[in-house]
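Before any comments, here is the structure.
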2 protein chains.
Amino acid sequence: MIIDSHAHVMLPPERQLAMMKEAGIDKTILFSTVIHPETKSTMAEFESEMNSLYDILDGTKNPLTERIHAINELSLIVKKNPSKYVGFGSIPFGLSYQENLEWINKYILANNFRGIGELTLGTGQSTHLEPLFQATTEAGNLPLWVHTFLPLNFEDIKELLYLAKKYPAVPLILGHLGGTNWLNTLKAVRELPNVYLDLSATFTTLAPFFAIREYPERTFFSSDAPFCSPLTARTIIEQITSDKHILAQVLGGNISRLLNI
Amino acid sequence: MIIDSHAHVMLPPERQLAMMKEAGIDKTILFSTVIHPETKSTMAEFESEMNSLYDILDGTKNPLTERIHAINELSLIVKKNPSKYVGFGSIPFGLSYQENLEWINKYILANNFRGIGELTLGTGQSTHLEPLFQATTEAGNLPLWVHTFLPLNFEDIKELLYLAKKYPAVPLILGHLGGTNWLNTLKAVRELPNVYLDLSATFTTLAPFFAIREYPERTFFSSDAPFCSPLTARTIIEQITSDKHILAQVLGGNISRLLNI
């Protein structure tokens, strides 16, 4: 089974299904989104949409209403296509243990989502995730999917890995493989079997190449659609992986095993 | 004609030619390199090789001997395969007008190279390129190819564009499309027809998508091999460009026109 392990809700939903079909993808782990850049046709409209995202990424905005709306949007789409989608639900940043637990029960478990993310932190905020690690432990060790490209630096990534070590039953997925810190990230996760590596958004194909070679059982193919098309993302992985067994694991087996799907 | 507009010398040379053949590339604009990550098989060896590069990128090293060796290596390979390669020659950073001119005569023009690069600057160094803009004007307006991914920030890119505006006869190729600043870069080059956009190393395919749509005559396909395979780089462009005429321009026509090849 070919699984795109990370894509955001795209509109209209038929387009997303068509792109999955074009790429031969059987199932997508679908994440909510507060922006829809794929619906913008001019560069100015696109920029305005991205600026909304950056306001969230840098912490200027932490929009509760938009977040809940996005979760409801995701939930509806997953329910309409249960064979095509598995949902991951987002959570506001900076909640206490109790608030995290309440949110997880109300918005993640109640929607049958199988993990939490995408978590988009600012520089220096990683340590504030500890209450979330505690809450997800209580809620059944739901995997956490964290964006680790900019604005995170390697210090932030090390803080995340410190939490992963402290909570070894919580699967931690490093979205975008540490970004520009991919090489240090690959070295740092050696002894942390609960840390997984998402292969999207890499600016050099040497990054997923080495990631797969070092961690063939902990690397996940994903498109991060709409930021890359599923077909292109799949093609990149297929062109850097010659071993068919490993390819099958990276393209679906590994995430399937983690999520029991 | 399909032209990979930016790749570094890879060893052994037969491998590079085989990768070009696999990708259906007729000609490559070849750049020298002081490192050969493609010859390293373990992650530790690769890291050590990359650290040498980072020492150059951050200005710790500016190795004259290695640079001249790399230029000689490039020159030999281009001379052996004149139908396959066009060379661009590197130049040390921080030379005076006169020193730049001497280097251009001795190492660029004498080798029949058609442009200058890859120029890898540190943050805040862009303005120091003015003597090079002056020297290349004197030497026949050779194109300058500048790495604009990290560590450059958007202020550095704006300084480069200021020089491009001041020297409108000098073609300036923005390598890697401004990196994480791609959207601001696309907006900033509108009125600068001597500025061209290299499409390699993008972490989201939306970047080359918008670049091509806004500037179909100023965008160049490239692999930045060994950091991406020519086949993967070509596939990415083909999958985001549906117009066949535009695709032909981006995959070869535009750089062919600029360099008269």
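Here's how to read the names in the structure tokens: chain A, B, ... by the order shown, residue numbers from 1 in each chain, ligand numbers from 1 in the order shown.
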Chain B contacts on chain A, only C-alpha atoms, 6 Å, as number ranges by chain: A: 201-206, 227-228
Nearby residues (only C-alpha atoms) at most 12 Å from Lys21 of chain A, same-chain spacing under 3 positions excluded, as a list of chain:residue names: A:Ile2, A:Ile3, A:Asp4, A:Glu14, A:Arg15, A:Gln16, A:Leu17, A:Ala18, A:Gly24, A:Ile25, A:Asp26, A:Lys27, A:Thr28, A:Lys84, A:Ser229, A:Pro230, A:Leu231
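Here atom CA of Asn194 of chain B is placed at a distance of 17.1 Å from atom CA of Phe221 of chain B.
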Contacts of segment 162-173 of chain A at 10 Å (only C-alpha atoms; same-chain gap of 5+ positions) as a ChimeraX atom specification: /A:115-118,126-127,129-130,133-134,136-137,140-148,156-157,189,191-198,218-220,258
Put those residues in a file: N, CA and C atoms, as an mmCIF file, in the first residue's frame.
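result_19.cif, freshly written:
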```
data_model
loop_
_atom_site.group_PDB
_atom_site.id
_atom_site.type_symbol
_atom_site.label_atom_id
_atom_site.label_comp_id
_atom_site.auth_asym_id
_atom_site.auth_seq_id
_atom_site.Cartn_x
_atom_site.Cartn_y
_atom_site.Cartn_z
ATOM 1 N N GLY A 115 -3.269 10.858 15.199
ATOM 2 C CA GLY A 115 -2.051 11.518 15.653
ATOM 3 C C GLY A 115 -2.299 13.005 15.783
ATOM 4 N N ILE A 116 -1.263 13.714 16.220
ATOM 5 C CA ILE A 116 -1.370 15.147 16.499
ATOM 6 C C ILE A 116 -0.348 15.916 15.667
ATOM 7 N N GLY A 117 -0.797 16.956 15.005
ATOM 8 C CA GLY A 117 0.112 17.773 14.206
ATOM 9 C C GLY A 117 -0.661 18.424 13.080
ATOM 10 N N GLU A 118 -0.038 19.219 12.350
ATOM 11 C CA GLU A 118 1.332 19.614 12.337
ATOM 12 C C GLU A 118 1.575 20.655 13.421
ATOM 13 N N SER A 126 10.547 24.719 21.765
ATOM 14 C CA SER A 126 10.402 23.259 21.810
ATOM 15 C C SER A 126 10.130 22.727 23.219
ATOM 16 N N THR A 127 10.839 23.292 24.211
ATOM 17 C CA THR A 127 10.691 22.752 25.565
ATOM 18 C C THR A 127 9.256 22.891 26.085
ATOM 19 N N LEU A 129 6.753 22.010 24.794
ATOM 20 C CA LEU A 129 5.917 20.894 24.353
ATOM 21 C C LEU A 129 5.811 19.790 25.397
ATOM 22 N N GLU A 130 6.534 19.894 26.504
ATOM 23 C CA GLU A 130 6.522 18.783 27.461
ATOM 24 C C GLU A 130 5.111 18.440 27.969
ATOM 25 N N PHE A 133 3.617 16.158 25.461
ATOM 26 C CA PHE A 133 4.157 14.791 25.548
ATOM 27 C C PHE A 133 3.491 14.035 26.702
ATOM 28 N N GLN A 134 3.311 14.723 27.829
ATOM 29 C CA GLN A 134 2.671 14.075 28.983
ATOM 30 C C GLN A 134 1.219 13.718 28.667
ATOM 31 N N THR A 136 -0.237 13.251 25.709
ATOM 32 C CA THR A 136 -0.434 12.204 24.702
ATOM 33 C C THR A 136 -0.058 10.841 25.275
ATOM 34 N N THR A 137 0.865 10.823 26.240
ATOM 35 C CA THR A 137 1.164 9.567 26.938
ATOM 36 C C THR A 137 -0.105 9.059 27.612
ATOM 37 N N GLY A 140 -2.789 7.632 25.159
ATOM 38 C CA GLY A 140 -2.523 6.432 24.356
ATOM 39 C C GLY A 140 -1.346 6.558 23.411
ATOM 40 N N ASN A 141 -0.450 7.479 23.710
ATOM 41 C CA ASN A 141 0.772 7.640 22.910
ATOM 42 C C ASN A 141 0.499 7.955 21.441
ATOM 43 N N LEU A 142 -0.355 8.921 21.241
ATOM 44 C CA LEU A 142 -0.595 9.375 19.864
ATOM 45 C C LEU A 142 0.694 9.981 19.315
ATOM 46 N N PRO A 143 1.037 9.665 18.061
ATOM 47 C CA PRO A 143 2.243 10.255 17.461
ATOM 48 C C PRO A 143 2.114 11.777 17.335
ATOM 49 N N LEU A 144 3.239 12.442 17.525
ATOM 50 C CA LEU A 144 3.313 13.902 17.358
ATOM 51 C C LEU A 144 4.095 14.210 16.085
ATOM 52 N N TRP A 145 3.551 15.067 15.248
ATOM 53 C CA TRP A 145 4.192 15.427 13.969
ATOM 54 C C TRP A 145 4.609 16.894 14.064
ATOM 55 N N VAL A 146 5.925 17.131 14.106
ATOM 56 C CA VAL A 146 6.446 18.491 14.323
ATOM 57 C C VAL A 146 7.193 18.989 13.083
ATOM 58 N N HIS A 147 6.847 20.177 12.639
ATOM 59 C CA HIS A 147 7.533 20.871 11.544
ATOM 60 C C HIS A 147 8.939 21.236 12.041
ATOM 61 N N THR A 148 9.992 20.722 11.366
ATOM 62 C CA THR A 148 11.351 21.028 11.845
ATOM 63 C C THR A 148 12.196 21.774 10.807
ATOM 64 N N ASP A 156 16.692 23.846 18.740
ATOM 65 C CA ASP A 156 15.280 23.498 18.934
ATOM 66 C C ASP A 156 15.054 22.011 18.688
ATOM 67 N N ILE A 157 15.701 21.502 17.647
ATOM 68 C CA ILE A 157 15.540 20.082 17.313
ATOM 69 C C ILE A 157 16.106 19.213 18.434
ATOM 70 N N VAL A 189 19.498 11.168 15.893
ATOM 71 C CA VAL A 189 18.343 10.305 16.201
ATOM 72 C C VAL A 189 18.707 8.821 16.270
ATOM 73 N N GLU A 191 19.990 6.733 18.413
ATOM 74 C CA GLU A 191 19.591 5.904 19.563
ATOM 75 C C GLU A 191 18.179 6.204 20.045
ATOM 76 N N LEU A 192 17.388 6.802 19.182
ATOM 77 C CA LEU A 192 16.022 7.168 19.584
ATOM 78 C C LEU A 192 15.014 6.480 18.659
ATOM 79 N N PRO A 193 14.689 5.223 18.954
ATOM 80 C CA PRO A 193 13.847 4.450 18.028
ATOM 81 C C PRO A 193 12.423 4.964 17.897
ATOM 82 N N ASN A 194 11.992 5.837 18.819
ATOM 83 C CA ASN A 194 10.639 6.399 18.693
ATOM 84 C C ASN A 194 10.608 7.674 17.863
ATOM 85 N N VAL A 195 11.750 8.023 17.257
ATOM 86 C CA VAL A 195 11.783 9.207 16.391
ATOM 87 C C VAL A 195 11.772 8.766 14.927
ATOM 88 N N TYR A 196 10.858 9.354 14.163
ATOM 89 C CA TYR A 196 10.683 9.026 12.748
ATOM 90 C C TYR A 196 10.989 10.251 11.893
ATOM 91 N N LEU A 197 11.313 9.987 10.637
ATOM 92 C CA LEU A 197 11.785 11.064 9.764
ATOM 93 C C LEU A 197 10.876 11.225 8.547
ATOM 94 N N ASP A 198 10.296 12.397 8.433
ATOM 95 C CA ASP A 198 9.454 12.724 7.282
ATOM 96 C C ASP A 198 10.322 13.294 6.171
ATOM 97 N N ARG A 218 12.490 3.846 9.520
ATOM 98 C CA ARG A 218 11.949 4.997 10.263
ATOM 99 C C ARG A 218 11.727 6.210 9.361
ATOM 100 N N THR A 219 11.744 6.006 8.052
ATOM 101 C CA THR A 219 11.567 7.135 7.123
ATOM 102 C C THR A 219 10.233 7.018 6.398
ATOM 103 N N PHE A 220 9.560 8.145 6.290
ATOM 104 C CA PHE A 220 8.222 8.177 5.697
ATOM 105 C C PHE A 220 8.206 9.089 4.471
ATOM 106 N N LEU A 258 3.418 1.943 12.000
ATOM 107 C CA LEU A 258 3.302 2.856 13.145
ATOM 108 C C LEU A 258 1.849 3.115 13.528
#
```
Segment 6-99 of chain A: residues DSSP assigns to alpha helix (DSSP H), reported as a PyMOL selection string: chain A and resi 13-23+43-57+64-80+97-99
